[in-house]
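**Student:** So here's input-v9.csv (CSV, C-alpha atoms).
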```
chain,number,residue,atom,x,y,z
A,1,MET,CA,23.6,-33.1,-24.5
A,2,VAL,CA,22.6,-29.9,-26.2
A,3,SER,CA,25.7,-28.0,-26.9
A,4,ASP,CA,24.4,-25.4,-29.3
A,5,THR,CA,22.0,-23.1,-27.4
A,6,ARG,CA,20.1,-22.2,-30.5
A,7,THR,CA,18.8,-25.7,-30.7
A,8,LEU,CA,17.1,-25.2,-27.3
A,9,ALA,CA,14.7,-22.6,-28.7
A,10,ARG,CA,14.2,-24.9,-31.8
A,11,LEU,CA,13.2,-27.8,-29.5
A,12,ILE,CA,10.8,-25.6,-27.5
A,13,GLN,CA,9.3,-24.2,-30.7
A,14,ARG,CA,8.8,-27.7,-32.0
A,15,ARG,CA,7.2,-29.0,-28.8
A,16,CYS,CA,5.1,-26.0,-27.9
A,17,ALA,CA,4.6,-24.1,-31.1
A,18,SER,CA,1.3,-22.5,-30.2
A,19,HIS,CA,2.7,-20.8,-27.1
A,20,VAL,CA,6.0,-19.4,-28.5
A,21,LEU,CA,5.8,-15.8,-29.6
A,22,ALA,CA,9.4,-15.2,-30.5
A,23,ALA,CA,13.0,-16.4,-29.8
A,24,HIS,CA,16.4,-14.8,-30.2
A,25,HIS,CA,19.9,-15.4,-29.1
A,26,TYR,CA,22.8,-13.0,-28.4
A,27,ARG,CA,26.3,-14.0,-27.5
A,28,GLY,CA,25.2,-17.5,-26.5
A,29,GLN,CA,22.3,-16.3,-24.4
A,30,GLN,CA,19.1,-17.8,-25.5
A,31,THR,CA,15.7,-16.1,-25.0
A,32,VAL,CA,12.3,-17.4,-25.7
A,33,LEU,CA,9.1,-15.3,-25.5
A,34,ILE,CA,5.9,-17.2,-24.7
A,35,ARG,CA,2.2,-16.6,-24.2
A,36,ARG,CA,1.3,-16.6,-20.5
A,37,GLU,CA,-1.4,-19.2,-21.1
A,38,GLY,CA,1.3,-21.7,-22.0
A,39,LEU,CA,3.7,-20.9,-19.2
A,40,LEU,CA,3.0,-24.0,-17.1
A,41,GLN,CA,3.1,-26.3,-20.1
A,42,VAL,CA,6.4,-24.9,-21.3
A,43,ALA,CA,7.9,-24.8,-17.8
A,44,ARG,CA,7.0,-28.5,-17.2
A,45,PHE,CA,8.6,-29.4,-20.5
A,46,LEU,CA,11.8,-27.4,-19.5
A,47,LYS,CA,12.0,-29.2,-16.2
A,48,ASP,CA,11.1,-32.8,-17.1
A,49,ASP,CA,12.5,-33.2,-20.6
A,50,ARG,CA,15.8,-35.0,-20.6
A,51,THR,CA,17.4,-32.8,-23.2
A,52,MET,CA,16.3,-29.7,-21.3
A,53,ALA,CA,16.6,-30.8,-17.6
A,54,PHE,CA,16.4,-27.2,-16.2
A,55,ASP,CA,16.5,-28.2,-12.6
A,56,VAL,CA,17.5,-24.7,-11.2
A,57,LEU,CA,15.5,-21.5,-11.3
A,58,MET,CA,18.3,-19.0,-11.1
A,59,ASP,CA,16.1,-15.9,-11.1
A,60,LEU,CA,12.6,-14.7,-11.6
A,61,THR,CA,11.9,-11.0,-12.0
A,62,ALA,CA,9.6,-8.6,-13.9
A,63,VAL,CA,9.9,-5.5,-16.1
A,64,ASP,CA,7.5,-2.6,-16.5
A,65,TYR,CA,7.6,-1.2,-20.0
A,66,LEU,CA,5.2,1.7,-19.4
A,67,LYS,CA,7.7,4.5,-20.3
A,68,PHE,CA,10.0,2.3,-22.4
A,69,GLY,CA,11.5,4.2,-25.4
A,70,THR,CA,10.0,7.5,-24.4
A,71,THR,CA,12.7,8.8,-22.1
A,72,LEU,CA,16.4,9.4,-22.6
A,73,SER,CA,17.5,6.6,-20.3
A,74,SER,CA,15.4,4.1,-22.4
A,75,ALA,CA,16.2,5.6,-25.8
A,76,PRO,CA,16.3,3.4,-28.8
A,77,THR,CA,19.6,1.4,-29.3
A,78,LEU,CA,20.5,-1.3,-31.7
A,79,THR,CA,20.0,-4.8,-30.4
A,80,THR,CA,23.2,-5.8,-32.0
A,81,PRO,CA,26.1,-3.4,-31.5
A,82,SER,CA,27.3,-2.0,-34.8
A,83,PRO,CA,30.9,-2.7,-35.8
A,84,LEU,CA,31.1,0.9,-37.3
A,85,PRO,CA,32.6,3.8,-35.3
A,86,TYR,CA,30.1,5.7,-33.3
A,87,TYR,CA,29.8,8.6,-35.8
A,88,MET,CA,28.8,6.2,-38.5
A,89,THR,CA,26.5,4.1,-36.4
A,90,PRO,CA,23.1,3.9,-38.1
A,91,LYS,CA,20.2,5.5,-36.2
A,92,VAL,CA,17.3,3.3,-35.1
A,93,LEU,CA,14.2,4.4,-36.9
A,94,PRO,CA,11.5,5.6,-34.5
A,95,GLU,CA,8.7,3.9,-36.2
A,96,LYS,CA,10.5,0.6,-36.1
A,97,TRP,CA,11.0,1.2,-32.4
A,98,GLU,CA,7.4,2.1,-31.8
A,99,ARG,CA,6.3,-1.5,-32.5
A,100,MET,CA,8.6,-2.8,-29.7
A,101,VAL,CA,7.3,-0.2,-27.2
A,102,ALA,CA,4.7,-1.6,-24.9
A,103,SER,CA,1.0,-1.2,-25.5
A,104,ASP,CA,-1.7,-2.0,-23.1
A,105,GLN,CA,-1.4,-5.6,-24.1
A,106,TYR,CA,2.3,-5.7,-23.4
A,107,ARG,CA,3.1,-3.6,-20.4
A,108,PHE,CA,4.7,-6.1,-18.0
A,109,GLU,CA,7.0,-8.9,-18.7
A,110,VAL,CA,7.9,-11.8,-16.3
A,111,VAL,CA,11.4,-13.0,-16.8
A,112,TYR,CA,12.7,-16.5,-15.8
A,113,HIS,CA,16.3,-17.6,-15.9
A,114,PHE,CA,16.9,-21.3,-15.9
A,115,TYR,CA,20.0,-23.3,-15.5
A,116,SER,CA,20.6,-27.0,-16.0
A,117,THR,CA,23.2,-28.7,-13.8
A,118,ALA,CA,23.1,-31.8,-15.9
A,119,HIS,CA,23.9,-30.1,-19.3
A,120,ASN,CA,25.4,-26.8,-18.0
A,121,HIS,CA,23.2,-24.7,-20.2
A,122,ARG,CA,21.0,-21.7,-19.5
A,123,LEU,CA,17.7,-20.3,-20.9
A,124,ARG,CA,15.8,-17.1,-20.4
A,125,LEU,CA,12.0,-17.3,-20.7
A,126,LYS,CA,9.8,-14.2,-20.9
A,127,ALA,CA,6.1,-13.9,-20.7
A,128,PRO,CA,4.4,-10.6,-21.6
A,129,LEU,CA,1.4,-9.5,-19.5
A,130,PRO,CA,-1.3,-6.9,-20.2
A,131,ALA,CA,-1.6,-3.8,-18.1
A,132,ALA,CA,-5.2,-4.4,-17.0
A,133,ASP,CA,-4.8,-8.0,-15.8
A,134,PRO,CA,-1.2,-8.8,-14.8
A,135,VAL,CA,-1.7,-12.4,-13.7
A,136,VAL,CA,0.4,-15.4,-14.5
A,137,ASP,CA,0.5,-19.0,-13.3
A,138,SER,CA,2.9,-19.7,-10.4
A,139,VAL,CA,5.8,-22.1,-10.9
A,140,THR,CA,6.3,-22.8,-7.2
A,141,GLY,CA,5.0,-26.3,-7.8
A,142,LEU,CA,7.9,-27.0,-10.2
A,143,TRP,CA,10.7,-24.9,-8.6
A,144,ALA,CA,10.4,-24.2,-4.9
A,145,ALA,CA,12.8,-21.3,-5.3
A,146,ALA,CA,10.1,-19.4,-7.2
A,147,ASN,CA,8.2,-18.8,-3.9
A,148,TRP,CA,10.0,-15.7,-2.6
A,149,PHE,CA,10.9,-14.5,-6.1
A,150,GLU,CA,7.2,-14.4,-7.0
A,151,ARG,CA,6.4,-12.7,-3.7
A,152,GLU,CA,9.0,-10.1,-4.6
A,153,ALA,CA,7.6,-9.6,-8.0
A,154,TRP,CA,4.1,-9.2,-6.5
A,155,ASP,CA,5.5,-6.7,-3.9
A,156,MET,CA,7.4,-4.6,-6.4
A,157,PHE,CA,5.3,-4.8,-9.6
A,158,GLY,CA,1.9,-6.0,-8.5
A,159,ILE,CA,2.0,-9.1,-10.7
A,160,ALA,CA,-0.3,-11.8,-9.3
A,161,PHE,CA,0.8,-15.4,-9.4
A,162,ARG,CA,-2.1,-17.8,-9.7
A,163,GLY,CA,-1.7,-20.8,-7.4
A,164,HIS,CA,1.0,-19.3,-5.2
A,165,PRO,CA,0.7,-20.7,-1.6
A,166,ASN,CA,1.4,-17.5,0.2
A,167,LEU,CA,1.3,-14.4,-2.0
A,168,LYS,CA,2.0,-11.5,0.3
A,169,ARG,CA,4.5,-8.7,0.4
A,170,LEU,CA,8.2,-9.7,0.9
A,171,LEU,CA,10.2,-6.5,1.2
A,172,MET,CA,7.8,-3.7,1.9
A,173,TYR,CA,5.9,-3.5,5.2
A,174,GLU,CA,2.3,-4.2,5.8
A,175,GLY,CA,0.1,-1.2,5.1
A,176,PHE,CA,2.3,-0.1,2.2
A,177,VAL,CA,0.0,1.0,-0.6
A,178,GLY,CA,0.9,0.4,-4.2
A,179,HIS,CA,3.9,-1.3,-5.9
A,180,PRO,CA,7.0,0.9,-5.9
A,181,LEU,CA,8.9,-0.4,-8.9
A,182,ARG,CA,6.0,0.3,-11.3
A,183,LYS,CA,6.8,3.2,-13.6
A,184,ASP,CA,3.7,5.0,-12.6
A,185,TYR,CA,4.5,4.9,-8.9
A,186,PRO,CA,5.5,8.6,-8.1
A,187,VAL,CA,9.3,8.7,-7.3
A,188,ASN,CA,8.5,11.2,-4.5
A,189,ARG,CA,5.8,9.3,-2.7
A,190,ARG,CA,6.8,8.3,0.8
A,191,GLN,CA,4.8,6.2,3.2
A,192,PRO,CA,6.7,6.4,6.5
A,193,LEU,CA,5.5,4.3,9.5
A,194,VAL,CA,6.9,6.9,12.0
A,195,GLY,CA,7.9,10.5,11.5
A,196,PRO,CA,6.9,13.1,8.9
A,197,VAL,CA,6.6,12.5,5.1
A,198,ASN,CA,9.8,13.8,3.6
B,1,MET,CA,54.9,33.8,48.4
B,2,GLN,CA,51.9,35.4,50.0
B,3,GLY,CA,48.5,34.6,48.4
B,4,THR,CA,49.5,31.7,46.1
B,5,VAL,CA,48.5,28.1,46.7
B,6,ASP,CA,50.5,25.1,45.6
B,7,VAL,CA,47.7,22.9,44.2
B,8,SER,CA,49.8,19.7,44.3
B,9,LYS,CA,49.9,20.1,48.1
B,10,LEU,CA,46.1,20.2,48.5
B,11,SER,CA,44.2,17.1,49.4
B,12,TRP,CA,40.8,18.5,48.2
B,13,THR,CA,39.4,20.8,45.5
B,14,THR,CA,36.1,22.5,44.7
B,15,THR,CA,34.1,22.5,41.5
B,16,ARG,CA,30.6,23.0,40.1
B,17,LEU,CA,28.6,19.8,40.4
B,18,ASP,CA,27.5,19.8,36.8
B,19,ALA,CA,31.0,20.4,35.6
B,20,ALA,CA,32.2,17.4,37.6
B,21,LEU,CA,29.3,15.3,36.2
B,22,GLY,CA,30.0,16.4,32.7
B,23,TRP,CA,33.7,15.6,33.0
B,24,ALA,CA,32.8,12.1,34.4
B,25,ARG,CA,30.2,11.4,31.8
B,26,LYS,CA,32.3,12.4,28.8
B,27,PHE,CA,34.7,9.6,29.6
B,28,SER,CA,32.2,6.9,30.1
B,29,ILE,CA,30.4,6.8,26.7
B,30,PHE,CA,28.7,3.4,26.6
B,31,GLN,CA,27.5,3.1,23.0
B,32,TYR,CA,24.6,1.2,21.5
B,33,PRO,CA,25.6,0.4,17.9
B,34,PHE,CA,22.5,0.4,15.7
B,35,VAL,CA,24.3,-1.0,12.7
B,36,THR,CA,22.2,-1.6,9.5
B,37,ALA,CA,24.5,-1.2,6.5
B,38,CYS,CA,27.9,-0.9,5.0
B,39,CYS,CA,29.0,1.9,7.4
B,40,GLY,CA,29.2,-0.8,10.0
B,41,MET,CA,32.5,-2.0,8.5
B,42,GLU,CA,34.0,1.4,9.2
B,43,TYR,CA,32.5,1.5,12.6
B,44,MET,CA,34.3,-1.8,13.3
B,45,ALA,CA,37.5,-0.5,11.9
B,46,THR,CA,37.2,2.5,14.3
B,47,ALA,CA,36.6,0.2,17.2
B,48,THR,CA,39.8,-1.8,16.6
B,49,SER,CA,42.8,-1.3,18.8
B,50,HIS,CA,44.6,0.6,16.1
B,51,TYR,CA,42.4,3.7,16.8
B,52,ASP,CA,42.0,3.0,20.5
B,53,MET,CA,38.5,4.4,21.1
B,54,ASP,CA,39.0,3.5,24.8
B,55,ARG,CA,41.1,6.7,25.3
B,56,PHE,CA,37.8,8.5,25.0
B,57,GLY,CA,36.0,6.1,27.3
B,58,ALA,CA,34.1,4.8,24.4
B,59,GLY,CA,35.6,1.4,24.0
B,60,PHE,CA,32.8,-0.7,25.4
B,61,PRO,CA,29.7,-1.1,23.3
B,62,ARG,CA,26.6,-2.3,25.1
B,63,PHE,CA,24.0,-4.3,23.2
B,64,SER,CA,21.2,-3.4,25.5
B,65,PRO,CA,19.7,0.1,25.0
B,66,ARG,CA,19.0,0.3,28.8
B,67,GLN,CA,22.7,0.1,29.6
B,68,ALA,CA,23.8,2.6,26.9
B,69,ASP,CA,24.4,6.4,26.9
B,70,VAL,CA,25.0,7.0,23.3
B,71,LEU,CA,23.0,5.7,20.3
B,72,PHE,CA,25.3,5.2,17.3
B,73,VAL,CA,23.0,4.9,14.2
B,74,VAL,CA,25.3,3.4,11.6
B,75,GLY,CA,24.0,2.9,8.1
B,76,THR,CA,20.9,3.4,6.0
B,77,VAL,CA,17.6,3.5,7.8
B,78,SER,CA,14.6,2.3,5.8
B,79,HIS,CA,11.0,3.2,6.6
B,80,LYS,CA,10.5,-0.5,7.6
B,81,ILE,CA,13.2,-0.4,10.3
B,82,ALA,CA,12.4,3.2,11.5
B,83,PRO,CA,9.9,2.1,14.2
B,84,VAL,CA,12.5,-0.2,15.7
B,85,LEU,CA,15.0,2.7,15.8
B,86,LYS,CA,12.4,4.9,17.5
B,87,ARG,CA,11.7,2.1,20.0
B,88,VAL,CA,15.4,1.6,20.8
B,89,TYR,CA,15.8,5.3,21.4
B,90,ASP,CA,12.8,5.3,23.7
B,91,GLN,CA,14.2,2.4,25.7
B,92,MET,CA,17.4,4.2,26.5
B,93,THR,CA,17.6,5.9,29.9
B,94,GLU,CA,18.3,9.6,30.4
B,95,PRO,CA,20.7,11.2,29.8
B,96,LYS,CA,21.2,10.0,26.3
B,97,TRP,CA,22.8,11.2,23.1
B,98,VAL,CA,22.5,10.2,19.5
B,99,VAL,CA,25.3,10.1,16.8
B,100,ALA,CA,24.3,10.0,13.1
B,101,PHE,CA,27.1,8.0,11.5
B,102,GLY,CA,27.4,8.2,7.8
B,103,VAL,CA,25.6,10.4,5.2
B,104,CYS,CA,22.6,8.0,5.0
B,105,THR,CA,21.7,8.6,8.6
B,106,CYS,CA,22.4,12.3,8.3
B,107,THR,CA,20.3,13.1,5.2
B,108,GLY,CA,19.3,9.9,3.5
B,109,GLY,CA,22.3,10.2,1.2
B,110,PHE,CA,21.7,9.4,-2.4
B,111,TYR,CA,18.8,7.1,-1.5
B,112,ASP,CA,16.0,9.5,-2.8
B,113,ASN,CA,13.4,6.7,-3.1
B,114,TYR,CA,10.3,5.1,-1.6
B,115,ALA,CA,12.3,3.0,0.9
B,116,THR,CA,14.7,5.2,2.8
B,117,VAL,CA,14.2,7.7,5.7
B,118,ARG,CA,15.8,11.0,4.6
B,119,GLY,CA,17.7,11.6,7.8
B,120,ILE,CA,17.1,10.1,11.2
B,121,ASP,CA,16.7,13.6,12.7
B,122,THR,CA,13.2,13.4,11.3
B,123,ILE,CA,12.4,10.6,13.8
B,124,ILE,CA,14.8,11.0,16.8
B,125,PRO,CA,16.9,13.9,18.0
B,126,VAL,CA,20.5,13.9,16.8
B,127,ASP,CA,23.4,15.4,18.7
B,128,VAL,CA,26.4,14.9,16.4
B,129,TYR,CA,26.4,14.3,12.6
B,130,ILE,CA,29.4,12.4,11.1
B,131,PRO,CA,28.9,12.6,7.3
B,132,GLY,CA,30.9,10.6,4.9
B,133,CYS,CA,30.2,7.5,2.7
B,134,PRO,CA,31.6,6.0,4.8
B,135,PRO,CA,33.4,8.4,7.2
B,136,ARG,CA,37.0,7.6,7.9
B,137,PRO,CA,37.9,6.5,11.4
B,138,GLU,CA,39.7,9.9,12.0
B,139,ASN,CA,36.4,11.5,11.0
B,140,VAL,CA,34.6,9.4,13.5
B,141,LEU,CA,37.0,10.2,16.3
B,142,ASP,CA,36.6,13.9,15.5
B,143,GLY,CA,32.9,13.5,15.9
B,144,LEU,CA,33.4,11.6,19.1
B,145,MET,CA,35.5,14.4,20.5
B,146,LYS,CA,32.7,16.9,19.5
B,147,LEU,CA,30.3,14.7,21.4
B,148,GLN,CA,32.6,14.8,24.4
B,149,GLU,CA,32.6,18.6,24.3
B,150,LYS,CA,28.8,18.6,24.2
B,151,ILE,CA,28.5,16.1,27.0
B,152,ALA,CA,30.9,18.1,29.2
B,153,GLN,CA,28.8,21.2,28.7
B,154,GLY,CA,25.7,19.3,29.7
B,155,ALA,CA,24.1,19.9,26.4
B,156,GLN,CA,21.7,17.5,24.8
B,157,THR,CA,19.3,17.5,21.9
B,158,THR,CA,15.9,16.4,23.1
B,159,VAL,CA,13.4,16.8,20.2
B,160,PRO,CA,13.7,15.7,16.6
B,161,THR,CA,14.9,18.7,14.7
B,162,GLY,CA,14.5,17.7,11.1
B,163,PRO,CA,16.2,19.0,8.0
B,164,SER,CA,15.9,22.7,8.7
B,165,ALA,CA,18.1,22.4,11.8
B,166,ARG,CA,20.8,20.4,10.2
B,167,PRO,CA,24.4,21.8,9.8
B,168,ALA,CA,24.7,23.9,6.7
B,169,GLU,CA,26.8,21.3,4.9
B,170,LEU,CA,24.1,18.7,5.3
B,171,GLN,CA,21.3,20.9,4.0
B,172,ARG,CA,20.6,19.9,0.5
B,173,PRO,CA,18.0,21.3,-1.8
B,174,HIS,CA,15.2,18.7,-2.2
B,175,ARG,CA,13.2,19.2,-5.4
B,176,PRO,CA,10.3,16.8,-5.2
B,177,GLU,CA,8.6,18.2,-8.3
B,178,THR,CA,11.5,17.2,-10.7
B,179,HIS,CA,12.7,13.9,-11.8
B,180,LEU,CA,15.5,13.1,-14.2
B,181,ASP,CA,13.3,11.0,-16.6
B,182,ASP,CA,10.7,13.7,-17.0
B,183,ARG,CA,13.2,16.6,-17.4
B,184,TYR,CA,14.9,15.0,-20.3
B,185,GLN,CA,12.1,14.0,-22.6
B,186,ILE,CA,13.1,13.0,-26.1
B,187,PRO,CA,11.7,15.5,-28.5
B,188,SER,CA,9.2,13.8,-30.7
```
Output the structure of this file as structure tokens.
**Tutor:**
Amino acid sequence: MVSDTRTLARLIQRRCASHVLAAHHYRGQQTVLIRREGLLQVARFLKDDRTMAFDVLMDLTAVDYLKFGTTLSSAPTLTTPSPLPYYMTPKVLPEKWERMVASDQYRFEVVYHFYSTAHNHRLRLKAPLPAADPVVDSVTGLWAAANWFEREAWDMFGIAFRGHPNLKRLLMYEGFVGHPLRKDYPVNRRQPLVGPVN
Amino acid sequence: MQGTVDVSKLSWTTTRLDAALGWARKFSIFQYPFVTACCGMEYMATATSHYDMDRFGAGFPRFSPRQADVLFVVGTVSHKIAPVLKRVYDQMTEPKWVVAFGVCTCTGGFYDNYATVRGIDTIIPVDVYIPGCPPRPENVLDGLMKLQEKIAQGAQTTVPTGPSARPAELQRPHRPETHLDDRYQIPS
């Protein structure tokens, strides 16, 4: 039984050290960033290891960091809330922020949320993907729930999942061009099946 | 009492045929509920005995478009479901009327995005708009009575009218060139 969530990341780091990019925890939520090359190895470890035993894939989604940090809605904030009142809160330095903003090598991020019914613990796993080649291995072989989640991520973000049995659009209709939740999809672009474009 | 007629003594009366038809039709509104979203709950609330839609002759929904007179479009219509809505409308027999129930069917509401049709009047003709998110049952009954007036007059919208023909309160400036994120750039 792993009661302290911080030890989860430590165990993953010890087991798959070459694949782990970073790990952090906040209010009991444990997050591990990994290289996409090691996704299947880490995922298999998370599922099969007795101290991990993540038998449920709660959620699988993606993030597009194209305009991250450059607009007001994604302005820099402190990762840990400051205990000081708002007028004394220290400003985040822009140059410090710049390093966290996505480059071409870190535009997309696939996010996995795992849950273990045996140990009642959770883990968030993230894998950065480059803009030119957003491809990652499918985990449908390990968690069947990933099937439709990955189809949705393909539909909305255009992230291809290698080894997926049926990677086609889930929400949008056939003939829809592009991936609407990408930040470079124009907000005003309409693709109606009947009726005028409005 | 020369020249006056006691109507209650008469066993017959005369009228215009279209007026008689209009009077008959306005009290036999067989609706087809095309319910796609949360407005459906308010539609169901309106259909309960508390509001007694049967006094308008509208208490009997038909779930086949071929048996219906009025198409109630209730809830958000996405581009994916739009061909189905068009087809249901085409399957209804004349004369037919369309009610846009809720602000999403009237104008698209706040869904200014890739998925949502911005007003069903861009696809099919609309006779009565009932805005609201969702409209209260009283609001719906008001719209129903307006539809009755329209039916009694023999009026009917037959072609899709689009945004420019909407009632003034449903016309909303659409600014496709602006977007919140681009207007509020952080000064570098």
**Student:** Just to confirm, what's the straight-line distance from CA of Asp133 (chain A) to CA of Ala153 (chain A) in Å (one decimal)?
**Tutor:**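 One can read the CA of Asp133 (chain A) to CA of Ala153 (chain A) distance as 14.7 Å.
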**Student:** Write out as a PyMOL selection string which residues come within 9 Å of Tyr129 (chain B) when counting all atoms listed in the file, dropping same-chain ones fewer than 6 positions away.
**Tutor:** chain B and resi 98-103+105-106+143+166-167+170
**Student:** Write out as a VMD selection string which residues come within 6 Å of Leu123 (chain A) when counting all atoms listed in the file, dropping same-chain ones fewer than 5 positions away.
**Tutor:** chain A and resid 30 113 to 114
**Student:** Around (-1.8, -7.0, -16.6) in the file's own coordinates, what residues are found within 8 Å if you use only C-alpha atoms, given back as a list in words?
**Tutor:**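 The distance filter leaves exactly Gln105, Arg107, Phe108, Leu129, Pro130, Ala131, Ala132, Asp133, Pro134, Val135 and Ile159 of chain A.
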**Student:** For Phe45 (chain A), which residue among A:Lys183, A:Arg15, A:His119, A:Lys67 is the nearest when counting all atoms listed in the file?
**Tutor:** A:Arg15
